>>> print(open('start.txt').read())   # compact mmCIF, C-alpha atoms
# COMPACT_ATOMS: atom_id res chain seq x y z
CA MET A 13 94.97 43.00 91.96
CA VAL A 14 91.97 45.30 91.53
CA ALA A 15 90.64 44.39 94.98
CA ALA A 16 94.06 44.85 96.60
CA GLY A 17 94.51 48.17 94.82
CA ALA A 18 91.15 49.39 96.08
CA VAL A 19 92.09 48.49 99.66
CA LEU A 20 95.47 50.22 99.41
CA LEU A 21 94.10 53.34 97.75
CA GLY A 22 91.37 53.53 100.37
CA GLY A 23 94.03 54.39 102.93
CA CYS A 24 95.56 57.18 100.85
CA ARG A 25 94.92 60.87 101.34
CA LEU A 26 93.69 62.91 98.41
CA PRO A 27 96.77 64.50 96.81
CA ALA A 28 97.15 68.23 97.52
CA PHE A 29 98.88 69.13 94.22
CA GLY A 30 100.49 72.17 95.83
CA ALA A 31 97.38 73.45 97.63
CA TYR A 32 97.05 73.95 101.37
CA ARG A 33 95.26 71.25 103.34
CA PRO A 34 91.90 72.80 104.31
CA ALA A 35 91.53 73.97 107.90
CA ASP A 36 87.81 74.76 107.72
CA SER A 37 84.75 72.93 106.39
CA GLN A 38 84.02 75.43 103.58
CA ALA A 39 87.50 74.90 102.15
CA SER A 40 87.03 71.14 101.91
CA GLY A 41 84.81 71.58 98.86
CA SER A 42 87.35 73.81 97.12
CA PHE A 43 90.14 71.38 97.96
CA ALA A 44 88.20 68.40 96.62
CA LEU A 45 87.39 70.33 93.43
CA TRP A 46 91.03 71.32 92.92
CA SER A 47 92.34 67.81 93.54
CA GLY A 48 89.64 66.25 91.38
CA LEU A 49 90.38 68.57 88.49
CA MET A 50 94.11 67.86 88.73
CA ILE A 51 93.52 64.10 88.75
CA ALA A 52 91.12 64.39 85.79
CA ALA A 53 93.66 66.53 83.93
CA LEU A 54 96.39 63.95 84.50
CA VAL A 55 94.15 61.11 83.32
CA ILE A 56 92.93 62.95 80.22
CA GLY A 57 96.40 64.30 79.46
CA GLY A 58 97.90 60.83 79.80
CA PHE A 59 95.22 59.38 77.51
CA VAL A 60 95.83 62.05 74.86
CA LEU A 61 99.60 61.55 75.10
CA ALA A 62 99.14 57.80 74.66
CA LEU A 63 97.02 58.39 71.54
CA ILE A 64 99.63 60.74 70.11
CA LEU A 65 102.48 58.28 70.73
CA TRP A 66 100.41 55.41 69.33
CA SER A 67 99.71 57.41 66.17
CA VAL A 68 103.34 58.42 65.80
CA PHE A 69 104.64 54.85 65.96
CA ARG A 70 101.69 53.06 64.37
CA TYR A 71 101.50 55.28 61.30
CA ARG A 72 105.11 56.27 60.84
CA ALA A 73 106.34 56.19 57.25
CA HIS A 74 107.89 52.87 56.17
CA ASP A 75 108.44 53.85 52.53
CA ASP A 76 107.29 56.38 49.97
CA THR A 77 103.91 54.77 49.46
CA ILE A 78 101.02 57.17 50.08
CA PRO A 79 98.76 55.65 52.77
CA LYS A 80 95.00 55.36 52.42
CA GLN A 81 93.35 58.76 52.75
CA THR A 82 90.27 59.13 54.96
CA HIS A 83 88.28 62.33 54.47
CA GLN A 84 85.73 61.93 57.24
CA ASN A 85 84.60 59.68 60.04
CA ILE A 86 81.28 60.86 61.42
CA PRO A 87 81.24 58.76 64.65
CA TRP A 88 84.73 59.91 65.65
CA GLU A 89 83.96 63.54 64.79
CA ILE A 90 80.85 63.40 66.97
CA ALA A 91 82.85 61.76 69.78
CA TYR A 92 85.64 64.34 69.88
CA THR A 93 83.09 67.17 69.70
CA VAL A 94 80.76 65.86 72.39
CA THR A 95 83.44 64.64 74.82
CA PRO A 96 84.93 68.11 75.55
CA LEU A 97 81.41 69.48 76.03
CA VAL A 98 80.68 66.74 78.56
CA ILE A 99 83.96 67.45 80.38
CA VAL A 100 83.25 71.19 80.58
CA THR A 101 79.68 70.54 81.77
CA VAL A 102 80.88 68.24 84.57
CA ILE A 103 83.52 70.79 85.65
CA PHE A 104 80.88 73.53 85.66
CA ILE A 105 78.48 71.50 87.82
CA PHE A 106 81.11 70.58 90.42
CA THR A 107 82.36 74.18 90.48
CA VAL A 108 78.86 75.51 91.19
CA PHE A 109 78.44 73.03 94.07
CA ALA A 110 81.82 74.04 95.55
CA GLU A 111 81.09 77.78 95.21
CA ASN A 112 77.67 77.42 96.79
CA LYS A 113 79.25 75.67 99.78
CA VAL A 114 81.86 78.41 100.15
CA ASP A 115 79.35 81.26 99.79
CA ALA A 116 76.65 79.77 102.04
CA THR A 117 75.93 81.91 105.12
CA PRO A 118 74.00 80.23 107.98
CA PRO A 119 71.24 82.44 109.40
CA ALA A 120 72.46 82.17 113.02
CA PRO A 121 76.28 81.97 113.23
CA ALA A 122 77.79 81.34 116.64
CA VAL A 123 80.41 84.07 116.19
CA LYS A 124 80.20 87.39 114.35
CA VAL A 125 83.32 89.42 113.61
CA HIS A 126 83.50 92.74 111.79
CA VAL A 127 86.86 92.84 109.98
CA ILE A 128 87.96 96.33 108.97
CA ALA A 129 90.90 96.75 106.59
CA TYR A 130 92.84 99.99 106.39
CA ARG A 131 96.26 101.23 105.30
CA TRP A 132 98.06 99.34 106.75
CA GLY A 133 96.42 97.07 109.25
CA TRP A 134 93.35 95.25 110.46
CA ILE A 135 90.66 95.62 113.11
CA PHE A 136 88.84 92.52 114.37
CA ASP A 137 85.69 93.65 116.16
CA TYR A 138 83.79 90.79 117.82
CA GLN A 139 80.15 91.77 117.52
CA GLY A 140 78.23 91.73 120.83
CA LYS A 141 81.33 90.62 122.77
CA ASN A 142 82.93 93.99 123.55
CA VAL A 143 86.28 92.77 122.18
CA SER A 144 88.28 94.52 119.48
CA ILE A 145 91.75 93.49 118.26
CA HIS A 146 93.88 96.02 116.35
CA THR A 147 97.13 96.08 114.45
CA THR A 148 99.76 97.69 116.65
CA GLY A 149 103.29 98.87 116.14
CA THR A 150 104.67 95.88 118.03
CA GLY A 151 102.91 93.01 116.27
CA TYR A 152 100.24 91.71 113.99
CA PRO A 153 96.65 91.14 115.16
CA GLN A 154 95.29 87.67 115.80
CA LEU A 155 91.78 86.55 114.95
CA VAL A 156 90.80 83.87 117.47
CA LEU A 157 87.99 81.52 116.41
CA PRO A 158 86.35 78.51 118.08
CA ARG A 159 86.76 75.14 116.38
CA GLY A 160 83.57 73.70 114.92
CA GLU A 161 81.53 76.89 115.39
CA PRO A 162 80.18 78.81 112.34
CA THR A 163 81.76 82.26 112.21
CA GLN A 164 80.37 85.07 110.08
CA ILE A 165 82.83 87.69 108.86
CA THR A 166 81.60 91.12 107.82
CA LEU A 167 84.37 92.67 105.74
CA THR A 168 84.77 96.38 104.95
CA SER A 169 87.54 98.83 104.06
CA ASN A 170 88.20 102.30 105.45
CA ASP A 171 90.16 103.59 102.47
CA VAL A 172 91.28 101.60 99.40
CA VAL A 173 90.79 98.08 98.07
CA HIS A 174 92.39 95.35 100.21
CA GLU A 175 91.96 91.58 100.23
CA PHE A 176 91.39 89.38 103.26
CA MET A 177 93.27 86.16 102.49
CA VAL A 178 93.75 83.03 104.63
CA PRO A 179 95.62 80.45 102.52
CA ASN A 180 94.85 77.54 104.87
CA PHE A 181 91.14 78.29 104.44
CA LEU A 182 91.64 78.40 100.64
CA PHE A 183 89.77 81.68 100.69
CA GLY A 184 90.22 85.34 99.83
CA ARG A 185 87.71 88.16 99.54
CA TYR A 186 88.09 91.83 98.60
CA ALA A 187 87.58 94.54 101.18
CA GLN A 188 86.27 97.49 99.19
CA PRO A 189 85.33 100.98 100.39
CA GLY A 190 81.57 101.40 100.36
CA VAL A 191 80.95 97.65 99.93
CA VAL A 192 79.99 95.21 102.69
CA ASN A 193 81.03 91.59 102.07
CA LYS A 194 79.84 88.75 104.27
CA PHE A 195 81.11 85.18 104.37
CA ASP A 196 81.37 82.30 106.82
CA PHE A 197 84.10 80.09 108.22
CA THR A 198 83.67 76.91 110.24
CA PRO A 199 87.19 76.10 111.46
CA SER A 200 87.83 72.38 111.72
CA LYS A 201 91.44 72.11 112.95
CA ASN A 202 93.19 73.70 115.89
CA GLY A 203 96.23 75.72 114.89
CA THR A 204 97.57 79.14 113.99
CA TYR A 205 97.31 80.14 110.34
CA LEU A 206 98.88 83.06 108.52
CA GLY A 207 96.65 85.64 106.85
CA HIS A 208 97.55 88.67 104.76
CA CYS A 209 96.33 91.32 102.37
CA ALA A 210 96.52 89.80 98.88
CA PHE A 211 95.77 92.96 96.86
CA TYR A 212 98.47 95.57 96.44
CA CYS A 213 97.22 98.58 98.40
CA GLY A 214 100.22 100.85 98.79
CA LEU A 215 103.66 101.34 100.30
CA TYR A 216 103.29 99.08 103.36
CA HIS A 217 101.07 96.45 101.76
CA ALA A 218 103.55 93.70 102.71
CA GLN A 219 103.09 94.54 106.40
CA MET A 220 99.33 93.90 106.37
CA LEU A 221 99.68 90.53 108.03
CA PHE A 222 97.56 88.80 110.65
CA THR A 223 97.05 85.32 112.07
CA VAL A 224 93.98 83.19 112.62
CA LYS A 225 94.13 81.01 115.73
CA VAL A 226 91.63 78.18 115.96
CA VAL A 227 91.05 76.93 119.51
CA SER A 228 88.57 74.80 121.41
CA PRO A 229 85.25 76.44 122.39
CA SER A 230 86.35 76.58 126.05
CA SER A 231 89.64 78.27 125.11
CA TYR A 232 87.68 80.73 122.97
CA SER A 233 85.54 81.66 125.99
CA SER A 234 88.72 82.18 128.01
CA PHE A 235 90.07 84.42 125.26
CA LEU A 236 86.98 86.62 125.37
CA SER A 237 87.10 86.84 129.16
CA SER A 238 90.80 87.72 129.16
CA HIS A 239 90.10 90.66 126.84
CA GLY A 240 87.27 91.99 128.94
CA GLY A 241 84.57 90.64 126.69
CA VAL A 242 81.43 88.58 127.15
CA ALA A 243 82.06 84.83 126.85
>>> encode(input="start.txt", output="structure tokens")
Amino acid sequence: MVAAGAVLLGGCRLPAFGAYRPADSQASGSFALWSGLMIAALVIGGFVLALILWSVFRYRAHDDTIPKQTHQNIPWEIAYTVTPLVIVTVIFIFTVFAENKVDATPPAPAVKVHVIAYRWGWIFDYQGKNVSIHTTGTGYPQLVLPRGEPTQITLTSNDVVHEFMVPNFLFGRYAQPGVVNKFDFTPSKNGTYLGHCAFYCGLYHAQMLFTVKVVSPSSYSSFLSSHGGVA
């Protein structure tokens, strides 16, 4: 049964537990951390619940006799003190690894985009490509990225605090006036993903939407050429 269970579980996908499936390589670490923590919480919570139910039924009162009183148990006290410390330490270590993966910035990214947030829109300026995409009155801007190519985003704000959020990348970062934030994406799946401002910035905050379109490298070159840029 154990062997059969291992074979069957080997074909399962890691449960999402309400999170988006990652569409870039940096998000895979965050997704694995989230799913792992949820699974660990379910296992530990189920174990604690089983202990509680066992205690309730095993030591329920049968009569008015006072049961044997135990004032201390040193091994158990050490166990339930050390175990939470071990759990927190393991969570901390895996969190640091996931954050380091998300925050890592390769020295020579294939694509560089300066993202400028303002009330109430976005500017996507492709560095060295002579291509700039703006929010217009007729639609939301689209950030086109090549699949499998590291992309460095330089994020700034022209006025107030905004937040650049792409749920499918499991990532958000503040755009703050006077502060330059840099981070990297390496898109792994073709598709069009919704992005938005996730920090309330004023009257038309809800209209600060954009999309991220991940395409093949050849389609990305065609996109640059069609906008008068350098492929």
>>> closest_residue(input="start.txt", among="A:Gln81, A:Ser228, A:Ser237, A:Thr107", to="Gly48 of chain A", atoms="all atoms listed in the file")
A:Thr107
>>> closest_residue(input="start.txt", among="A:Ala52, A:Val191, A:Met177, A:Ile165", to="Ile103 of chain A", atoms="all atoms listed in the file")
A:Ala52
>>> residues_around(input="start.txt", residues="Asn112 of chain A", least_positions_apart="5", cutoff="12 Å", atoms="all atoms listed in the file", output="PyMOL selection string")
chain A and resi 38-39+41-42+105-107+117+195-196
>>> atom_distance(input="start.txt", atom1="atom CA of Leu45 of chain A", atom2="atom CA of Leu63 of chain A")
26.7 Å
>>> residues_around(input="start.txt", residues="Arg159 of chain A", least_positions_apart="4", cutoff="10 Å", atoms="only C-alpha atoms", output="MDAnalysis selection string")
chainID A and resid 35:36 163 197:203 225:232
>>> build_atoms(input="start.txt", residues="segment 216-228 of chain A", atoms="N, CA, C and O atoms", output="mmCIF file, keeping the file's coordinate frame")
data_model
loop_
_atom_site.group_PDB
_atom_site.id
_atom_site.type_symbol
_atom_site.label_atom_id
_atom_site.label_comp_id
_atom_site.auth_asym_id
_atom_site.auth_seq_id
_atom_site.Cartn_x
_atom_site.Cartn_y
_atom_site.Cartn_z
ATOM 1 N N TYR A 216 103.061 100.077 102.304
ATOM 2 C CA TYR A 216 103.290 99.080 103.360
ATOM 3 C C TYR A 216 102.334 97.886 103.232
ATOM 4 O O TYR A 216 101.968 97.259 104.235
ATOM 5 N N HIS A 217 101.947 97.588 102.013
ATOM 6 C CA HIS A 217 101.070 96.450 101.760
ATOM 7 C C HIS A 217 101.627 95.159 102.358
ATOM 8 O O HIS A 217 100.881 94.360 102.947
ATOM 9 N N ALA A 218 102.930 94.948 102.239
ATOM 10 C CA ALA A 218 103.550 93.700 102.710
ATOM 11 C C ALA A 218 103.466 93.540 104.228
ATOM 12 O O ALA A 218 103.658 92.438 104.749
ATOM 13 N N GLN A 219 103.169 94.616 104.942
ATOM 14 C CA GLN A 219 103.090 94.540 106.400
ATOM 15 C C GLN A 219 101.663 94.292 106.894
ATOM 16 O O GLN A 219 101.435 94.212 108.100
ATOM 17 N N MET A 220 100.718 94.163 105.968
ATOM 18 C CA MET A 220 99.330 93.900 106.370
ATOM 19 C C MET A 220 99.131 92.412 106.619
ATOM 20 O O MET A 220 98.435 91.718 105.879
ATOM 21 N N LEU A 221 99.769 91.932 107.671
ATOM 22 C CA LEU A 221 99.680 90.530 108.030
ATOM 23 C C LEU A 221 98.796 90.360 109.272
ATOM 24 O O LEU A 221 98.594 91.294 110.041
ATOM 25 N N PHE A 222 98.293 89.158 109.439
ATOM 26 C CA PHE A 222 97.560 88.800 110.650
ATOM 27 C C PHE A 222 97.602 87.280 110.779
ATOM 28 O O PHE A 222 98.080 86.578 109.881
ATOM 29 N N THR A 223 97.146 86.768 111.898
ATOM 30 C CA THR A 223 97.050 85.320 112.070
ATOM 31 C C THR A 223 95.632 84.961 112.503
ATOM 32 O O THR A 223 94.921 85.778 113.102
ATOM 33 N N VAL A 224 95.256 83.749 112.160
ATOM 34 C CA VAL A 224 93.980 83.190 112.620
ATOM 35 C C VAL A 224 94.310 82.017 113.529
ATOM 36 O O VAL A 224 94.965 81.054 113.099
ATOM 37 N N LYS A 225 93.867 82.086 114.771
ATOM 38 C CA LYS A 225 94.130 81.010 115.730
ATOM 39 C C LYS A 225 92.827 80.284 116.017
ATOM 40 O O LYS A 225 91.853 80.882 116.495
ATOM 41 N N VAL A 226 92.807 79.007 115.710
ATOM 42 C CA VAL A 226 91.630 78.180 115.960
ATOM 43 C C VAL A 226 91.856 77.399 117.249
ATOM 44 O O VAL A 226 92.857 76.685 117.387
ATOM 45 N N VAL A 227 90.920 77.554 118.193
ATOM 46 C CA VAL A 227 91.050 76.930 119.510
ATOM 47 C C VAL A 227 89.753 76.204 119.847
ATOM 48 O O VAL A 227 88.750 76.309 119.135
ATOM 49 N N SER A 228 89.775 75.486 120.944
ATOM 50 C CA SER A 228 88.570 74.800 121.410
ATOM 51 C C SER A 228 87.548 75.843 121.884
ATOM 52 O O SER A 228 87.916 76.972 122.229
#
